[in-house]
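Enquirer: Handing you this structure, nothing more for now.
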Amino acid sequence: MKKITFFFLLISALAACKPSANTPPNQEKASGPAPDSVAQQILNLTDQIKKDPTNYGLYHDRALLWYESDSLDRAVQDVDMALSLYKNSPELHHLRGFFAMAENDTALAETEYLAAAGLGSRDPETYYQLGQVFFFRKNYPEAEKWYGSAIKINDQDPQYPFAIGLVREVTAKYPAAIRQYETALKLDSAFAKAYDRLYDLYQNRLNQPEKAAKWLETWLAFAPGHPMARFYEGEKFRNEALQVPEKNETAFKEALNKAVASYSIAINVDPNFAQALFYRAECFALAENYESAIQDYSKIPAAHPFFAAAQFQLGAIAEYFQDYSGALKHYRSAAAANPDSKDAQRAVKEMEARLQAGN
């Protein structure tokens, strides 16, 4: 069985890319151009404001539309105007806090959310977002306190116990974290983030692969097309392949084929899923399907943490086929993308020496 030796270390890259317990949830907003309907609504509100310039509600509504159309500066201007007209609105302070979070100004966000809470906000998101502020600062006791306040107002949202689970996980209170994730799933049996954390905890923290596999099976039953679930399934099959004895070629290829199938489902759902592309490429290479491996490695974008590893593997394949100029090009790309990689630096020197010596 011919195989290229793959020795580029990937653990740090994977940790940088996969979902992490250190990443507070629900901080992203879909972006894109404003639909015509939004633009027209903004124009309509602008006309109304001209007629009624002291109506704080109009500024509030237009601020939301500006934010939806990716005009954060204008959104902030409008909510600030609304607050100048009515300072005792918990909703307005909450919105200003939300915009401050979007600006990465956690100090202002804290001030505004606390103002909303002090004015008696009954919006659980006010307290949840305060928890987010302190989570970002790694003040986990304070974060948990505010997440708990959100639950007191709404105990049916799975995001809130999940957030407490993250606090427990990053403070290494794993059994307590598991209970919170399970609570989230009782509220929403398809809550993907809870499955993700349960799988990762059992697989990587607690070294209980049987329980990890059970949670993955349950996750796939609820969401068979979820890209992260299929990625984990691909990892399971890939690891099985790597543990097959050298002489059992049939079992080795069967496990690789299963891994490729799982990664492919994930990639079909998310064509930019770099981790899945990378490990599918590795499976192709191990199965000696180098053309497909090259295609997948080449799709890893330069800005992605896996880019250096992908370039290194492309160099290894080129070297295997005695394309030493091509190998040197990819090794140099790997070394430039990851200057700390001794493997990449060594590969560059070896390939330069080989080319200078006339192969």
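Identifiers in the structure tokens: chain A, B, ... in order shown; residue index from 1 per chain; ligand index from 1 in order shown.
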Give me the residues within 12 Å of Ile294 in chain A as a list in words, counting only C-alpha atoms and dropping any in the same chain fewer than 4 places off.

Expert: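 Answer for this query is Leu277, Phe278, Tyr279, Arg280, Ala281, Glu282, Cys283, Phe284, Ala285, Glu288, Asn289, Tyr290, Ser298, Lys299, Ile300, Ala310, Gln311, Phe312, Gln313, Leu314, Gly315, Ala316, Ile317, Ala318 and His330 of chain A.
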
Enquirer: Which polymer residues have any atom within 9 Å of an atom of Leu95 in chain A, counting only C-alpha atoms, with same-chain residues fewer than 3 positions away left out, as a ChimeraX atom specification?

Expert: /A:60,64,79,90-92,98-100,112-113

Enquirer: Rank nothing, just name the residue among A:Leu72, A:Ala287, A:Ala335, A:Ala192 nearest to Glu103 in chain A, using only C-alpha atoms.

Expert: A:Leu72

Enquirer: Need the shell around Arg74 in chain A: protein/DNA/RNA residues with any atom at most 12 Å away, counting only C-alpha atoms. Skip same-chain ones fewer than 5 positions apart. Format as a PyMOL selection string?

Expert: chain A and resi 42+59-60+62-69+79-81+99

Enquirer: Give me, as a PyMOL selection string, the residues of range 67-235 of chain A that a backbone DSSP run labels helix (DSSP H, G or I).

Expert: chain A and resi 67-68+72-85+90-102+106-118+124-136+140-153+159-170+174-187+192-205+209-222+227-235

Enquirer: Find the residues around Phe191 in chain A up to 9 Å (only C-alpha atoms counted), leave out those fewer than 6 positions away in its own chain, and share them as a VMD selection string.

Expert: chain A and resid 158 to 159 184 to 185 219

Enquirer: Please list as a ChimeraX atom specification every residue within 12 Å of Ala172 in chain A, counting only C-alpha atoms and excluding residues in the same chain fewer than 5 positions away.

Expert: /A:21-22,140,165-167,177-178,201,205-206

Enquirer: May I ask for the distance between CA of Gly148 in chain A and CA of Asn88 in chain A, given in Å to one decimal place?

Expert: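 Pair CA of Gly148 in chain A / CA of Asn88 in chain A returns 24.5 Å.
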
Enquirer: So how far away is CA of Lys211 in chain A from CA of Asp270 in chain A, in Å?

Expert: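 Taking CA of Asp270 in chain A as the start and CA of Lys211 in chain A as the end point, the length is 26.8 Å.
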
Enquirer: To one decimal in Å, tell me the separation between CA of Trp215 in chain A and CA of Tyr199 in chain A.

Expert: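 Atom-to-atom, CA of Trp215 in chain A to CA of Tyr199 in chain A, that is 5.9 Å.
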
Enquirer: Tell me which protein, DNA and RNA residues are within 10 Å of Glu125 in chain A, counting only C-alpha atoms, leaving out same-chain ones fewer than 2 positions away, and put them as a PDB file with N, CA and C atoms, in the first residue's frame.

Expert:
ATOM      1  N   HIS A  94     -31.438  49.121  25.571  1.00  0.00           N
ATOM      2  CA  HIS A  94     -31.074  47.773  25.112  1.00  0.00           C
ATOM      3  C   HIS A  94     -30.548  47.834  23.681  1.00  0.00           C
ATOM      4  N   PHE A  98     -26.915  46.856  22.196  1.00  0.00           N
ATOM      5  CA  PHE A  98     -26.721  45.897  21.101  1.00  0.00           C
ATOM      6  C   PHE A  98     -25.804  46.481  20.028  1.00  0.00           C
ATOM      7  N   TYR A 113     -26.872  48.206  28.745  1.00  0.00           N
ATOM      8  CA  TYR A 113     -27.688  47.078  29.194  1.00  0.00           C
ATOM      9  C   TYR A 113     -28.033  47.213  30.677  1.00  0.00           C
ATOM     10  N   SER A 121     -36.325  46.464  32.505  1.00  0.00           N
ATOM     11  CA  SER A 121     -36.525  45.706  31.274  1.00  0.00           C
ATOM     12  C   SER A 121     -37.028  44.301  31.566  1.00  0.00           C
ATOM     13  N   ARG A 122     -38.039  43.898  30.822  1.00  0.00           N
ATOM     14  CA  ARG A 122     -38.550  42.531  30.921  1.00  0.00           C
ATOM     15  C   ARG A 122     -38.148  41.714  29.702  1.00  0.00           C
ATOM     16  N   ASP A 123     -37.193  42.222  28.966  1.00  0.00           N
ATOM     17  CA  ASP A 123     -36.663  41.505  27.810  1.00  0.00           C
ATOM     18  C   ASP A 123     -35.516  40.616  28.283  1.00  0.00           C
ATOM     19  N   TYR A 127     -30.593  40.763  29.693  1.00  0.00           N
ATOM     20  CA  TYR A 127     -29.787  40.096  30.710  1.00  0.00           C
ATOM     21  C   TYR A 127     -28.845  39.069  30.067  1.00  0.00           C
ATOM     22  N   TYR A 128     -29.321  38.441  29.020  1.00  0.00           N
ATOM     23  CA  TYR A 128     -28.456  37.519  28.278  1.00  0.00           C
ATOM     24  C   TYR A 128     -27.267  38.264  27.686  1.00  0.00           C
ATOM     25  N   GLN A 129     -27.527  39.421  27.093  1.00  0.00           N
ATOM     26  CA  GLN A 129     -26.444  40.187  26.484  1.00  0.00           C
ATOM     27  C   GLN A 129     -25.471  40.719  27.533  1.00  0.00           C
ATOM     28  N   LEU A 130     -25.971  41.051  28.715  1.00  0.00           N
ATOM     29  CA  LEU A 130     -25.051  41.398  29.797  1.00  0.00           C
ATOM     30  C   LEU A 130     -24.145  40.214  30.114  1.00  0.00           C
ATOM     31  N   GLY A 131     -24.732  39.032  30.105  1.00  0.00           N
ATOM     32  CA  GLY A 131     -23.912  37.839  30.286  1.00  0.00           C
ATOM     33  C   GLY A 131     -22.852  37.718  29.215  1.00  0.00           C
ATOM     34  N   TRP A 146     -25.929  36.799  35.056  1.00  0.00           N
ATOM     35  CA  TRP A 146     -26.848  37.472  34.139  1.00  0.00           C
ATOM     36  C   TRP A 146     -27.575  36.480  33.247  1.00  0.00           C
ATOM     37  N   TYR A 147     -26.912  35.411  32.850  1.00  0.00           N
ATOM     38  CA  TYR A 147     -27.629  34.374  32.106  1.00  0.00           C
ATOM     39  C   TYR A 147     -28.775  33.821  32.955  1.00  0.00           C
ATOM     40  N   SER A 149     -30.432  35.430  35.173  1.00  0.00           N
ATOM     41  CA  SER A 149     -31.506  36.427  35.182  1.00  0.00           C
ATOM     42  C   SER A 149     -32.368  36.310  33.934  1.00  0.00           C
ATOM     43  N   ALA A 150     -31.742  36.004  32.808  1.00  0.00           N
ATOM     44  CA  ALA A 150     -32.513  35.802  31.578  1.00  0.00           C
ATOM     45  C   ALA A 150     -33.451  34.607  31.721  1.00  0.00           C
ATOM     46  N   ILE A 151     -32.966  33.540  32.347  1.00  0.00           N
ATOM     47  CA  ILE A 151     -33.781  32.339  32.523  1.00  0.00           C
ATOM     48  C   ILE A 151     -34.978  32.625  33.429  1.00  0.00           C
ATOM     49  N   ILE A 153     -36.749  35.175  33.483  1.00  0.00           N
ATOM     50  CA  ILE A 153     -37.788  35.818  32.683  1.00  0.00           C
ATOM     51  C   ILE A 153     -38.348  34.859  31.641  1.00  0.00           C
ATOM     52  N   ASN A 154     -37.473  34.056  31.051  1.00  0.00           N
ATOM     53  CA  ASN A 154     -37.903  33.110  30.017  1.00  0.00           C
ATOM     54  C   ASN A 154     -37.118  31.813  30.185  1.00  0.00           C
ATOM     55  N   TYR A 160     -30.275  30.050  26.753  1.00  0.00           N
ATOM     56  CA  TYR A 160     -29.843  30.531  28.057  1.00  0.00           C
ATOM     57  C   TYR A 160     -29.185  29.429  28.892  1.00  0.00           C
TER      58      TYR A 160
END

Enquirer: When distances are computed from only C-alpha atoms, which of A:Ala143, A:Ala337, A:Arg332, A:Asn248 shows the smallest separation from Lys349 in chain A?

Expert: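 That would be A:Arg332, the residue with the smallest distance to Lys349 in chain A.
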